[in-house]
>>> print(open('final.txt').read())   # compact mmCIF, C-alpha atoms
# COMPACT_ATOMS: atom_id res chain seq x y z
CA MET K 1 27.15 50.01 -36.26
CA THR K 2 24.30 50.09 -33.78
CA GLY K 3 20.82 49.42 -35.06
CA GLY K 4 19.12 49.86 -31.71
CA ASP K 5 18.74 47.37 -28.93
CA ASP K 6 17.65 43.79 -29.13
CA ILE K 7 14.37 42.89 -27.52
CA GLN K 8 13.23 39.52 -26.30
CA LEU K 9 9.74 38.36 -27.07
CA VAL K 10 7.81 35.47 -25.58
CA THR K 11 5.93 34.09 -28.57
CA PHE K 12 2.69 32.14 -28.38
CA ARG K 13 -0.14 31.01 -30.61
CA VAL K 14 -3.81 31.86 -30.45
CA GLY K 15 -6.09 30.37 -33.09
CA GLY K 16 -3.17 29.48 -35.37
CA GLN K 17 -1.68 33.00 -35.36
CA ASP K 18 1.66 33.90 -33.77
CA PHE K 19 1.63 36.59 -31.11
CA ALA K 20 4.21 37.86 -28.66
CA PHE K 21 4.62 39.78 -25.44
CA ASN K 22 7.74 41.68 -24.53
CA ILE K 23 9.61 39.41 -22.10
CA PHE K 24 9.80 42.25 -19.55
CA GLN K 25 6.03 42.10 -19.18
CA VAL K 26 5.93 38.34 -18.65
CA GLU K 27 6.30 37.19 -15.07
CA ARG K 28 5.53 33.49 -15.35
CA ILE K 29 4.16 30.84 -17.70
CA LEU K 30 1.94 28.26 -16.02
CA ARG K 31 0.06 25.18 -17.12
CA TYR K 32 -3.58 26.09 -17.59
CA GLU K 33 -5.78 25.58 -14.56
CA ALA K 34 -9.44 26.46 -14.53
CA PRO K 35 -9.92 29.67 -12.56
CA SER K 36 -12.60 30.41 -9.97
CA PRO K 37 -15.50 31.91 -11.90
CA LEU K 38 -16.52 35.48 -11.20
CA PRO K 39 -20.21 36.32 -11.03
CA LYS K 40 -21.27 39.14 -13.37
CA ALA K 41 -17.87 39.09 -15.07
CA PRO K 42 -17.56 40.36 -18.63
CA ASP K 43 -17.29 37.75 -21.39
CA PHE K 44 -13.52 37.81 -21.90
CA LEU K 45 -12.82 37.45 -18.16
CA GLU K 46 -12.61 33.78 -17.36
CA GLY K 47 -12.33 34.19 -13.61
CA VAL K 48 -9.59 34.60 -11.02
CA LEU K 49 -6.55 32.49 -10.38
CA ARG K 50 -4.81 32.15 -7.05
CA TYR K 51 -1.23 33.22 -7.67
CA HIS K 52 1.20 33.91 -4.82
CA GLY K 53 -1.71 34.37 -2.44
CA ALA K 54 -3.48 36.98 -4.55
CA ALA K 55 -6.46 36.77 -6.88
CA VAL K 56 -5.23 37.41 -10.41
CA PRO K 57 -7.84 38.08 -13.11
CA LEU K 58 -7.63 35.63 -16.00
CA ILE K 59 -8.39 36.89 -19.49
CA ASP K 60 -8.96 34.41 -22.26
CA LEU K 61 -6.99 35.90 -25.14
CA ARG K 62 -8.64 33.43 -27.48
CA LYS K 63 -12.05 34.92 -26.74
CA ARG K 64 -10.54 38.41 -26.71
CA LEU K 65 -9.15 37.92 -30.21
CA GLY K 66 -12.19 36.02 -31.50
CA ALA K 67 -10.44 32.66 -31.90
CA PRO K 68 -11.90 29.25 -31.07
CA ALA K 69 -10.90 28.26 -27.54
CA PRO K 70 -10.62 24.48 -27.07
CA LEU K 71 -8.48 23.46 -24.10
CA LYS K 72 -5.49 21.31 -25.01
CA ASP K 73 -2.53 19.85 -23.12
CA ASP K 74 -0.37 22.78 -24.12
CA THR K 75 -2.87 25.51 -23.24
CA ARG K 76 -0.96 27.92 -21.02
CA THR K 77 -1.60 30.80 -18.69
CA VAL K 78 0.85 33.66 -19.06
CA ILE K 79 1.08 35.88 -15.96
CA LEU K 80 1.82 39.45 -16.98
CA GLU K 81 2.84 42.60 -15.20
CA TRP K 82 -0.10 44.79 -16.09
CA ASP K 83 -0.96 48.30 -15.12
CA GLY K 84 0.96 48.04 -11.86
CA ALA K 85 -0.67 44.72 -11.01
CA LYS K 86 -0.78 41.20 -12.42
CA ILE K 87 -3.11 39.67 -14.95
CA GLY K 88 -3.27 36.19 -16.42
CA THR K 89 -3.89 35.51 -20.11
CA VAL K 90 -4.91 32.16 -21.58
CA VAL K 91 -3.12 31.19 -24.82
CA ASP K 92 -3.17 28.06 -26.98
CA THR K 93 0.52 27.34 -26.59
CA VAL K 94 3.74 29.19 -25.76
CA THR K 95 6.23 28.59 -28.56
CA GLU K 96 9.57 30.24 -27.81
CA VAL K 97 11.58 33.17 -26.56
CA LEU K 98 12.72 35.10 -29.58
CA GLN K 99 15.43 37.73 -29.69
CA VAL K 100 14.93 40.36 -32.37
CA ALA K 101 16.43 43.73 -33.12
CA ALA K 102 14.17 46.55 -32.00
CA THR K 103 14.27 47.73 -35.61
CA ASP K 104 12.67 44.42 -36.71
CA VAL K 105 9.46 45.39 -34.94
CA THR K 106 7.54 47.38 -37.52
CA ALA K 107 4.46 49.49 -36.97
CA PRO K 108 1.21 47.75 -37.91
CA PRO K 109 0.01 48.65 -41.41
CA GLY K 110 -2.54 51.44 -41.69
CA ILE K 111 -5.17 48.90 -42.70
CA VAL K 112 -5.18 47.57 -39.11
CA LYS K 113 -7.70 49.94 -37.59
CA GLY K 114 -9.97 50.10 -34.61
CA LEU K 115 -9.84 47.70 -31.73
CA ALA K 116 -7.04 45.49 -33.05
CA ALA K 117 -4.70 48.41 -33.72
CA GLU K 118 -5.04 49.47 -30.10
CA TYR K 119 -3.45 46.36 -28.74
CA ILE K 120 -0.77 45.88 -31.34
CA THR K 121 2.66 47.30 -30.57
CA GLY K 122 4.08 46.10 -33.87
CA LEU K 123 4.77 43.21 -36.20
CA VAL K 124 7.82 41.02 -36.62
CA VAL K 125 8.20 39.07 -39.84
CA LYS K 126 10.65 36.23 -39.38
CA GLU K 127 11.12 33.13 -41.52
CA LYS K 128 7.76 33.63 -43.27
CA ARG K 129 5.97 34.01 -39.92
CA THR K 130 4.24 37.19 -38.97
CA ILE K 131 4.30 37.66 -35.22
CA ILE K 132 1.95 40.24 -33.77
CA VAL K 133 3.51 41.92 -30.73
CA LEU K 134 0.76 42.81 -28.28
CA ASN K 135 0.74 45.83 -26.03
CA THR K 136 -0.23 44.30 -22.69
CA ASN K 137 -1.33 47.62 -21.22
CA LYS K 138 -3.90 48.00 -23.99
CA LEU K 139 -5.42 44.52 -23.78
CA LEU K 140 -8.38 46.04 -21.97
CA MET K 141 -10.13 49.28 -22.77
CA SER K 142 -10.86 51.63 -19.88
CA LYS K 143 -14.51 50.54 -19.75
CA GLU K 144 -13.36 46.94 -19.45
CA LYS K 145 -10.82 47.84 -16.76
CA LEU K 146 -13.72 49.24 -14.76
CA GLN K 147 -15.76 46.05 -15.31
CA LEU K 148 -12.73 44.03 -14.23
CA ASP K 149 -12.20 46.12 -11.09
CA ALA K 150 -15.88 45.83 -10.20
CA ALA K 151 -15.87 42.06 -10.65
CA LEU K 152 -12.69 41.70 -8.57
CA THR K 153 -14.00 43.96 -5.81
CA GLU K 154 -17.19 41.92 -5.66
CA HIS K 155 -15.14 38.70 -5.58
CA ALA K 156 -12.97 40.01 -2.71
CA THR K 157 -16.04 41.13 -0.75
CA SER K 158 -17.79 37.77 -1.14
CA GLU K 159 -14.57 35.94 -0.13
CA GLU K 160 -14.29 38.08 3.00
CA LYS K 161 -17.91 37.34 3.90
CA ALA K 162 -17.34 33.61 3.36
CA HIS K 163 -14.22 33.80 5.52
CA LYS K 164 -16.08 35.58 8.35
CA VAL K 165 -18.80 32.92 8.29
CA LYS K 166 -16.19 30.20 8.79
CA THR K 167 -14.42 31.89 11.70
>>> encode(input="final.txt", output="C-alpha cells")
Amino acid sequence: MTGGDDIQLVTFRVGGQDFAFNIFQVERILRYEAPSPLPKAPDFLEGVLRYHGAAVPLIDLRKRLGAPAPLKDDTRTVILEWDGAKIGTVVDTVTEVLQVAATDVTAPPGIVKGLAAEYITGLVVKEKRTIIVLNTNKLLMSKEKLQLDAALTEHATSEEKAHKVKT
C-alpha cells in the first residue's frame, strides 16, 4: 500500500503557533544576528544579513504574521531557497524536523481567505498540534518583491560607493 511520499518539515514557532517549511526549501538555521538595516525598506524587511559573502534579505516572519516579536535566546534565522535566490526569515524558535506522509498535509479550510491563504500550503494536525505549512515562494506578494528588489539594489549601490571611497 502506498499512500504517497513522506515529506520532511522543519517546524518552528511564531507567536505561539506552530509553522513549518518543507525541508527542501531550508538551507540553514542560524542563531539570530541583527542584520544591517536597509534605508526605505518595507516594514516586514528587517535588513540584510551577510551570508556566504552575499547580502541576504531578512524578513521578520513575526511581523509578517502579526505576532509580537521579542528577541529571545532561541530566536533563529532560517535561510531559505527562495525564488531562485536566498532569503532569511526570523522565527521565535525552531522546534524539530518532522516526517509526515504527504497525505497528512491537508488543504487549508475554506474559511482561511485572503492574505493568509496565499502563503499556506496546507495544515498538518499531529498530536493535538496544528502545524501550518508555509509556501515560501508566496511569503511576499509581487508588489513586496519589487520593494525588496529596490531596497536591495539601493543597498548594493551604496555599498559599492562606500567601497570606492575607501580604495
>>> closest_residue(input="final.txt", among="K:Ala102, K:Ala107, K:Ala151, K:Ile131", to="Ile7 in chain K", atoms="all atoms listed in the file")
K:Ala102
>>> residues_around(input="final.txt", residues="Leu123 in chain K", least_positions_apart="4", cutoff="12 Å", atoms="only C-alpha atoms", output="count of residues only")
25
>>> atom_distance(input="final.txt", atom1="CA of Pro57 in chain K", atom2="CA of Ile87 in chain K")
5.3 Å
>>> atom_distance(input="final.txt", atom1="CA of Thr136 in chain K", atom2="CA of Arg31 in chain K")
19.9 Å
>>> atom_distance(input="final.txt", atom1="CA of Pro35 in chain K", atom2="CA of Gly47 in chain K")
5.2 Å
>>> residues_around(input="final.txt", residues="His155 in chain K", least_positions_apart="4", cutoff="10 Å", atoms="all atoms listed in the file", output="tab-separated table (two decimals) with C-alpha atoms, in the coordinates of the input")
chain	number	residue	atom	x	y	z
K	36	SER	CA	-12.60	30.41	-9.97
K	37	PRO	CA	-15.50	31.91	-11.90
K	38	LEU	CA	-16.52	35.48	-11.20
K	39	PRO	CA	-20.21	36.32	-11.03
K	40	LYS	CA	-21.27	39.14	-13.37
K	41	ALA	CA	-17.87	39.09	-15.07
K	47	GLY	CA	-12.33	34.19	-13.61
K	48	VAL	CA	-9.59	34.60	-11.02
K	55	ALA	CA	-6.46	36.77	-6.88
K	149	ASP	CA	-12.20	46.12	-11.09
K	150	ALA	CA	-15.88	45.83	-10.20
K	151	ALA	CA	-15.87	42.06	-10.65
K	159	GLU	CA	-14.57	35.94	-0.13
K	160	GLU	CA	-14.29	38.08	3.00
K	161	LYS	CA	-17.91	37.34	3.90
>>> closest_residue(input="final.txt", among="K:Phe24, K:Phe44, K:Phe12, K:Tyr32", to="Leu61 in chain K", atoms="all atoms listed in the file")
K:Phe44
>>> residues_near_point(input="final.txt", point="(-8.8, 27.4, -23.9)", cutoff="9 Å", atoms="only C-alpha atoms", output="PyMOL selection string")
chain K and resi 32+60-63+68-72+75-76+90-92
>>> closest_residue(input="final.txt", among="K:Asp74, K:Glu27, K:Glu144, K:Glu154", to="Ile59 in chain K", atoms="only C-alpha atoms")
K:Glu144
>>> closest_residue(input="final.txt", among="K:Val94, K:Ala85, K:Val124, K:Leu80", to="Ile23 in chain K", atoms="all atoms listed in the file")
K:Leu80
>>> closest_residue(input="final.txt", among="K:Val125, K:Leu49, K:Ala156, K:Ile120", to="Val78 in chain K", atoms="all atoms listed in the file")
K:Leu49
>>> closest_residue(input="final.txt", among="K:Thr121, K:Lys145, K:Gln25, K:Asn137", to="Leu45 in chain K", atoms="only C-alpha atoms")
K:Lys145
